[in-house]
There are 2 protein chains.
Amino acid sequence: MAKSPRPQKNDQQTEDKILQAARTVFIRHGTAGARMQEIAEEAGVNQALLHYYFRSKERLSAAVFQQVARQLFPRLFQTLGSDLPLDEKVDLIVNAYIDTLSQNRFMPAYVLSELHHHPERAEQMLTSGMGGEPSRVLAPVVAKLKSQIDAEVKAGRIRPISPQELIVNMLSLCVFPFAARPLFAVALGLDEAHFSAFIKQRRKNLPAFIRMALRP
Amino acid sequence: MAKSPRPQKNDQQTEDKILQAARTVFIRHGTAGARMQEIAEEAGVNQALLHYYFRSKERLSAAVFQQVARQLFPRLFQTLGSDLPLDEKVDLIVNAYIDTLSQNRFMPAYVLSELHHHPERAEQMLTSGMGGEPSRVLAPVVAKLKSQIDAEVKAGRIRPISPQELIVNMLSLCVFPFAARPLFAVALGLDEAHFSAFIKQRRKNLPAFIRMALRP
DNA sequence: GTCTATATGGCGATAGAC
DNA sequence: GTCTATCGCCATATAGAC
């Protein structure tokens with residue numbers, strides 16, 4: 001038997017198609033602003049099918065958010081908690097985020113907006129995909145980072161900084177330009193192409209900027 | 001005559017009350033998620049009155065956005081374009097933004113979300129309150145900043161950096177922690193009080209972080 | 001200027017044929 | 001599993017009394 005011949009013709013395939021369409025539309029209009037009808041059209045199916053697979057708009061939006069979150073965060077924690085040298089971590093994270101966000105420009109604004117209106121999802125996000133409570137997930141990462149920072153400080157290679165502050169600063173510098181893209185685009189007079197160039201430049205400069213800030 | 005005795009009892013006062021209520025509700029739920037009914041209750045008036053003063057939800061939301069934008073940006077450009085020394089500008093801007101956003105925690109997520117869904121408002125925002133096209137408003141600010149950076153570089157006090165990059169980095173570091181507050185709160189295990197403490201610490205550290213990054 | 005009552009449309013969701 | 005047709009609600013917006 002190749003591919004379960006008859007009992008269900010599509011199922012998974014259709015579900016994926018809907019989830020992808022929902023992702024596009026939710027990110028474009030925000031959860032509250034999105035319309036089930038538009039998602040159906042985007043997926044090339046009927047609106048009733050959305051409810052057949054996901055029961056309600058609420059559940060569909062939760063599925064989309066989870067998918068997006070899984071794309072953004074597990075890698076980050078994995079990298080931060082790894083045994084790589086500190087400055088290598090910075091390079092990796094900057095590059096990974098700028099890559100991902102370059103291809104998904106509207107994700108940051110969507111995620112931030114979702115977290116603002118559904119703060120409980122921050123928790124789900126950090127727990128799902130990894131086990132246990134959010135603090136349990138992050139604590140070892142922070143601890144690892146702290147020991148690395150302490151070692152570098154002792155060796156006189158960087159100045160003291162709390163791991164929390166370092167994480168927040170790195171993410172701020174990586175994510176915010178995408179989240180505020182419409183603002184910067186207009187303010188700095190950047191069209192599509194110029195913004196891409198600006199980001200390309202930024203991928204080069206940002207690790208240096210952070211490394212410079214950490215010098216003793 | 002004290003206060004125009006009869007012809008219009010409230011008018012401006014009522015309009016302000018509605019605008020304030022709308023601001024609260026729009027920021028809380030986002031424009032699409034907000035309900036005119038809730039705004040009316042928050043303002044302590046009837047729903048019909050909202051339409052009497054603002055005609056439509058669309059117009060009301062535009063008024064709210066403009067009010068919020070005027071609170072955030074003119075000061076920024078004024079400070080950036082002024083004759084103050086570079087590092088003093090950094091201090092001023094960091095402190096001003098952290099102060100404002102501490103008292104209006106949800107503004108960043110609201111503004112970013114609005115700009116995402118109504119990019120045309122970025123333009124209105126930068127033009128209204130000051131004259132002319134957006135690029136005309138920002139060009140002199142960038143030019144001024146550039147000349148200051150050049151002078152500091154020549155004097156050997158900082159390393160080269162484009163004015164755009166400096167602006168983006170400063171704003172990222174100031175604004176993003178508030179925009180992503182629900183995320184950081186959960187991830188770093190910060191409740192209300194701890195987050196305030198974190199921000200207070202940040203106000204002290206951020207100017208130093210930026211100054212350090214700029215050293216030659 | 002402010003209220004109550006109501007019109008109108010749109011949206012999420014379901015029923016039921018195929 | 002997928003479609004068409006439709007229900008019922010809720011939100012914006014207006015009419016009209018006071």
# chains A, B, ... in the order shown; residues from 1 in each chain; ligands from 1
>>> interface_residues(of="chain B", to="chain D", cutoff="8 Å", atoms="only C-alpha atoms (C1' of nucleotides)", output="list in words")
Arg35, Met36, His51, Ser56 and Lys57 of chain B
>>> closest_atom_pairs(of="chain A", to="chain C", cutoff="12 Å", atoms="only C-alpha atoms (C1' of nucleotides)", output="JSON lines")
{"residue": "A:Ala32", "atom": "CA", "partner": "C:DC11", "partner_atom": "C1'", "distance": 11.6}
{"residue": "A:Gly33", "atom": "CA", "partner": "C:DC11", "partner_atom": "C1'", "distance": 11.3}
{"residue": "A:Ala34", "atom": "CA", "partner": "C:DC11", "partner_atom": "C1'", "distance": 10.6}
{"residue": "A:Arg35", "atom": "CA", "partner": "C:DC11", "partner_atom": "C1'", "distance": 7.8}
{"residue": "A:Met36", "atom": "CA", "partner": "C:DG12", "partner_atom": "C1'", "distance": 7.8}
{"residue": "A:Gln37", "atom": "CA", "partner": "C:DC11", "partner_atom": "C1'", "distance": 8.8}
{"residue": "A:Glu38", "atom": "CA", "partner": "C:DC11", "partner_atom": "C1'", "distance": 11.4}
{"residue": "A:Gln47", "atom": "CA", "partner": "C:DA13", "partner_atom": "C1'", "distance": 9.9}
{"residue": "A:Ala48", "atom": "CA", "partner": "C:DA13", "partner_atom": "C1'", "distance": 8.4}
{"residue": "A:Leu49", "atom": "CA", "partner": "C:DA13", "partner_atom": "C1'", "distance": 11.3}
{"residue": "A:Leu50", "atom": "CA", "partner": "C:DA13", "partner_atom": "C1'", "distance": 10.4}
{"residue": "A:His51", "atom": "CA", "partner": "C:DA13", "partner_atom": "C1'", "distance": 7.8}
{"residue": "A:Tyr52", "atom": "CA", "partner": "C:DT14", "partner_atom": "C1'", "distance": 10.4}
{"residue": "A:Phe54", "atom": "CA", "partner": "C:DA13", "partner_atom": "C1'", "distance": 11.7}
{"residue": "A:Arg55", "atom": "CA", "partner": "C:DA13", "partner_atom": "C1'", "distance": 8.8}
{"residue": "A:Ser56", "atom": "CA", "partner": "C:DA13", "partner_atom": "C1'", "distance": 7.8}
{"residue": "A:Lys57", "atom": "CA", "partner": "C:DG12", "partner_atom": "C1'", "distance": 7.6}
{"residue": "A:Glu58", "atom": "CA", "partner": "C:DG12", "partner_atom": "C1'", "distance": 10.3}
>>> interface_residues(of="chain A", to="chain B", cutoff="7 Å", atoms="only C-alpha atoms", output="PyMOL selection string")
chain A and resi 29+32-33+109+112-113+115-117+119+122-123+134-135+138+168-169+172-173+176-177+179-180+182-183+186-189+209-210+212-213
>>> residues_around(residues="region 81-93 of chain B", least_positions_apart="6", cutoff="7 Å", atoms="only C-alpha atoms (C1' of nucleotides)", output="PDB file with N, CA and C atoms, in the first residue's frame")
ATOM      1  N   VAL B 141      17.585  66.060  10.750  1.00  0.00           N
ATOM      2  CA  VAL B 141      17.963  65.383  11.988  1.00  0.00           C
ATOM      3  C   VAL B 141      19.121  64.425  11.746  1.00  0.00           C
ATOM      4  N   LYS B 144      22.331  66.404  11.005  1.00  0.00           N
ATOM      5  CA  LYS B 144      22.921  66.953  12.230  1.00  0.00           C
ATOM      6  C   LYS B 144      23.680  65.868  13.005  1.00  0.00           C
ATOM      7  N   LEU B 145      23.009  64.730  13.145  1.00  0.00           N
ATOM      8  CA  LEU B 145      23.609  63.629  13.885  1.00  0.00           C
ATOM      9  C   LEU B 145      24.896  63.171  13.203  1.00  0.00           C
ATOM     10  N   GLN B 148      27.799  65.421  13.891  1.00  0.00           N
ATOM     11  CA  GLN B 148      28.299  65.217  15.254  1.00  0.00           C
ATOM     12  C   GLN B 148      29.141  63.949  15.350  1.00  0.00           C
ATOM     13  N   PRO B 207      22.402  53.694  28.859  1.00  0.00           N
ATOM     14  CA  PRO B 207      23.307  54.706  28.300  1.00  0.00           C
ATOM     15  C   PRO B 207      24.751  54.224  28.321  1.00  0.00           C
TER      16      PRO B 207
END
>>> atom_distance(atom1="CA of Ala155 (chain B)", atom2="CA of Pro140 (chain B)")
22.7 Å
>>> atom_distance(atom1="CA of Ala62 (chain A)", atom2="CA of Thr79 (chain A)")
26.0 Å
>>> decode(residues="region 3-15 of chain C", atoms="N, CA and C atoms (P, O5', C5', C4', C3', O3' and C1' of nucleotides)", output="mmCIF file, in the first residue's frame")
data_model
loop_
_atom_site.group_PDB
_atom_site.id
_atom_site.type_symbol
_atom_site.label_atom_id
_atom_site.label_comp_id
_atom_site.auth_asym_id
_atom_site.auth_seq_id
_atom_site.Cartn_x
_atom_site.Cartn_y
_atom_site.Cartn_z
ATOM 1 P P DC C 3 -25.613 60.211 27.665
ATOM 2 O "O5'" DC C 3 -27.030 59.580 27.251
ATOM 3 C "C5'" DC C 3 -28.104 59.632 28.186
ATOM 4 C "C4'" DC C 3 -29.428 59.350 27.494
ATOM 5 C "C3'" DC C 3 -29.596 57.909 27.022
ATOM 6 O "O3'" DC C 3 -30.247 57.120 28.005
ATOM 7 C "C1'" DC C 3 -30.348 59.484 25.367
ATOM 8 P P DT C 4 -30.329 55.530 27.718
ATOM 9 O "O5'" DT C 4 -31.568 55.401 26.717
ATOM 10 C "C5'" DT C 4 -32.857 55.911 27.058
ATOM 11 C "C4'" DT C 4 -33.892 55.404 26.060
ATOM 12 C "C3'" DT C 4 -33.905 53.892 25.843
ATOM 13 O "O3'" DT C 4 -35.253 53.446 25.635
ATOM 14 C "C1'" DT C 4 -33.366 54.945 23.810
ATOM 15 P P DA C 5 -35.588 51.891 25.349
ATOM 16 O "O5'" DA C 5 -35.713 51.864 23.761
ATOM 17 C "C5'" DA C 5 -36.489 52.866 23.109
ATOM 18 C "C4'" DA C 5 -36.459 52.614 21.604
ATOM 19 C "C3'" DA C 5 -36.509 51.130 21.209
ATOM 20 O "O3'" DA C 5 -37.411 50.963 20.125
ATOM 21 C "C1'" DA C 5 -34.587 52.142 20.283
ATOM 22 P P DT C 6 -37.654 49.459 19.497
ATOM 23 O "O5'" DT C 6 -36.800 49.539 18.163
ATOM 24 C "C5'" DT C 6 -36.926 50.702 17.345
ATOM 25 C "C4'" DT C 6 -35.927 50.644 16.203
ATOM 26 C "C3'" DT C 6 -35.831 49.279 15.500
ATOM 27 O "O3'" DT C 6 -35.823 49.524 14.106
ATOM 28 C "C1'" DT C 6 -33.701 50.038 16.055
ATOM 29 P P DA C 7 -36.454 48.469 13.102
ATOM 30 O "O5'" DA C 7 -35.525 48.681 11.840
ATOM 31 C "C5'" DA C 7 -35.330 49.994 11.325
ATOM 32 C "C4'" DA C 7 -33.934 50.113 10.719
ATOM 33 C "C3'" DA C 7 -33.600 49.027 9.695
ATOM 34 O "O3'" DA C 7 -32.975 49.660 8.587
ATOM 35 C "C1'" DA C 7 -31.925 49.115 11.357
ATOM 36 P P DT C 8 -33.098 48.905 7.153
ATOM 37 O "O5'" DT C 8 -31.607 48.456 6.885
ATOM 38 C "C5'" DT C 8 -30.517 49.287 7.322
ATOM 39 C "C4'" DT C 8 -29.260 48.461 7.405
ATOM 40 C "C3'" DT C 8 -29.294 47.196 6.538
ATOM 41 O "O3'" DT C 8 -28.280 47.335 5.561
ATOM 42 C "C1'" DT C 8 -28.391 46.756 8.714
ATOM 43 P P DG C 9 -28.070 46.228 4.421
ATOM 44 O "O5'" DG C 9 -26.637 45.667 4.845
ATOM 45 C "C5'" DG C 9 -25.651 46.566 5.350
ATOM 46 C "C4'" DG C 9 -24.589 45.769 6.078
ATOM 47 C "C3'" DG C 9 -24.138 44.533 5.309
ATOM 48 O "O3'" DG C 9 -22.728 44.620 5.145
ATOM 49 C "C1'" DG C 9 -24.758 43.975 7.583
ATOM 50 P P DG C 10 -21.936 43.545 4.310
ATOM 51 O "O5'" DG C 10 -21.209 42.823 5.539
ATOM 52 C "C5'" DG C 10 -20.714 43.626 6.614
ATOM 53 C "C4'" DG C 10 -20.174 42.707 7.691
ATOM 54 C "C3'" DG C 10 -19.442 41.486 7.151
ATOM 55 O "O3'" DG C 10 -18.335 41.237 8.004
ATOM 56 C "C1'" DG C 10 -21.270 40.785 8.493
ATOM 57 P P DC C 11 -17.122 40.393 7.435
ATOM 58 O "O5'" DC C 11 -16.915 39.334 8.585
ATOM 59 C "C5'" DC C 11 -16.978 39.742 9.968
ATOM 60 C "C4'" DC C 11 -17.470 38.587 10.788
ATOM 61 C "C3'" DC C 11 -16.846 37.258 10.371
ATOM 62 O "O3'" DC C 11 -15.986 36.817 11.415
ATOM 63 C "C1'" DC C 11 -19.207 37.065 10.781
ATOM 64 P P DG C 12 -15.097 35.560 11.246
ATOM 65 O "O5'" DG C 12 -15.813 34.505 12.196
ATOM 66 C "C5'" DG C 12 -15.951 34.815 13.565
ATOM 67 C "C4'" DG C 12 -16.929 33.864 14.219
ATOM 68 C "C3'" DG C 12 -16.489 32.406 14.214
ATOM 69 O "O3'" DG C 12 -16.771 31.847 15.487
ATOM 70 C "C1'" DG C 12 -18.595 32.622 13.129
ATOM 71 P P DA C 13 -16.268 30.319 15.788
ATOM 72 O "O5'" DA C 13 -17.542 29.453 15.386
ATOM 73 C "C5'" DA C 13 -18.773 29.735 16.044
ATOM 74 C "C4'" DA C 13 -19.908 28.987 15.362
ATOM 75 C "C3'" DA C 13 -19.660 27.488 15.145
ATOM 76 O "O3'" DA C 13 -20.519 26.773 16.014
ATOM 77 C "C1'" DA C 13 -20.714 28.527 13.266
ATOM 78 P P DT C 14 -20.483 25.138 16.009
ATOM 79 O "O5'" DT C 14 -21.691 24.759 15.049
ATOM 80 C "C5'" DT C 14 -22.978 25.277 15.352
ATOM 81 C "C4'" DT C 14 -23.986 24.836 14.321
ATOM 82 C "C3'" DT C 14 -24.051 23.334 14.039
ATOM 83 O "O3'" DT C 14 -25.414 22.943 14.124
ATOM 84 C "C1'" DT C 14 -23.909 24.520 12.018
ATOM 85 P P DA C 15 -25.814 21.413 14.180
ATOM 86 O "O5'" DA C 15 -26.736 21.295 12.887
ATOM 87 C "C5'" DA C 15 -27.353 22.460 12.334
ATOM 88 C "C4'" DA C 15 -28.241 22.094 11.144
ATOM 89 C "C3'" DA C 15 -28.519 20.602 10.943
ATOM 90 O "O3'" DA C 15 -29.783 20.467 10.302
ATOM 91 C "C1'" DA C 15 -27.150 21.396 9.184
#
